[in-house]
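Down below is the structure, laid out as structure tokens.
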Amino acid sequence: MKPIRTYLALLVLVAGCASTTAPPPAPTPAAPAFGWYRDAARAQQVLRIDAALSLITVTVRRGGTFARMGHDHVVASRSIEGFVAPDAGRADFRFRLDQMTVDETDLRTKAGLATQPDPDAIAGTRTNMLTRVLDAERFPLVELHAERAAGKGDKVQTLRLTVTLHGVSRTLDVPTTIERGAGGLTASGTFILNQSDFGITPMSVMGGALTVQDPMELAFRIVAAPQG
């Protein structure tokens, strides 16, 4: 049943690598949105996202009659880049699909997952997600644009978040905890995305007896600090 296990995370938002460590980053073109922050920095504070302290995780869960035969999975980005303009209530950031990790033990434990897939299952998951499902060569980036929608000055704010994945953009309101200090800030929260919202059909095998559930559980902690 090993091939079935490797298919269970095919349609996760992001992809990982066989050993749970991210490969060296490939060159990435400058994002047009990032130019706004270069200009804005002349008149207001602009913070840069600290990739070493920031983390996005996605949990995808199995379903169907034979769900016990597979694994739930956690994939994560530790290579987030972007900027935050606190006074403007705006942030833009992104990460590459091919720099994700898959099923780090600590992250699986935090997500409440008791089992650990073997390296072959992780490798198969990564290959299928990148090539057969997400077409990461054509769409290598997940891009996010956030604007403050409500709660200015409050610790818990509503951010209007636009997620662009696989060439499709979707916008939703996300309750976010904002903590400011030492000139920087930390934003954290959780939300749900459906694979089908991005034109992705959740994987199903054995006539639907083993499936990937449509909802994906995303959690984020974005740390931004003064530049330079």
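In the structure tokens, chains take letters A, B, ... by order of appearance, with residues numbered from 1 within each chain and ligands from 1 in the order shown.
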Query raised in the report: Using the chain letters and numbers from this document, which residues of stretch 16-227 of chain A does DSSP assign to strand (DSSP E), as a ChimeraX atom specification?
Result: /A:47-49,55-63,73-77,81-85,90-96,101-102,141-150,156-165,168-181,184-194,204-205,210-226
Checklist entry - Got a sec: who's within 8 Å of stretch 32-36 of chain A, counting only C-alpha atoms, leaving out chain neighbours fewer than 6 positions off, as a ChimeraX atom specification? => result /A:82-83,92
> With distances taken over only C-alpha atoms, which of A:Thr171, A:Thr115, A:Thr158, A:Gln227 is nearest to A:Gly183?
Replying inline: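 Of the candidates, the smallest distance to A:Gly183 is held by A:Gln227.
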Proximity to A:Pro140 - best of A:Arg90, A:Arg62, A:His166, A:Arg221, only C-alpha atoms: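 Of A:Arg90, A:Arg62, A:His166, A:Arg221, the one nearest A:Pro140 is A:His166, counting only C-alpha atoms.
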Practice task
Could you check which of A:Ala51, A:Val102, A:Val74, A:Ala219 is closest to A:Pro119, using only C-alpha atoms?
Solution key: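 Of A:Ala51, A:Val102, A:Val74, A:Ala219, the one nearest A:Pro119, counting only C-alpha atoms, is A:Val102.
Taking atom CA of A:Leu193 and atom CA of A:Leu47 as endpoints, the distance between them is 27.0 Å.
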- Test item: residues at most 7 Å from A:Leu159, only C-alpha atoms, excluding those fewer than 2 positions along its chain, as a PyMOL selection string: chain A and resi 146-149+157+161+173-176
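Taking atom CA of A:Ser188 as the reference point, atom CA of A:Val84 is found at 13.7 Å.
Nearest to A:Leu107 of all the residues A:Ala182, A:Leu218, A:Ala76, A:Leu172 is A:Ala76, based on only C-alpha atoms.
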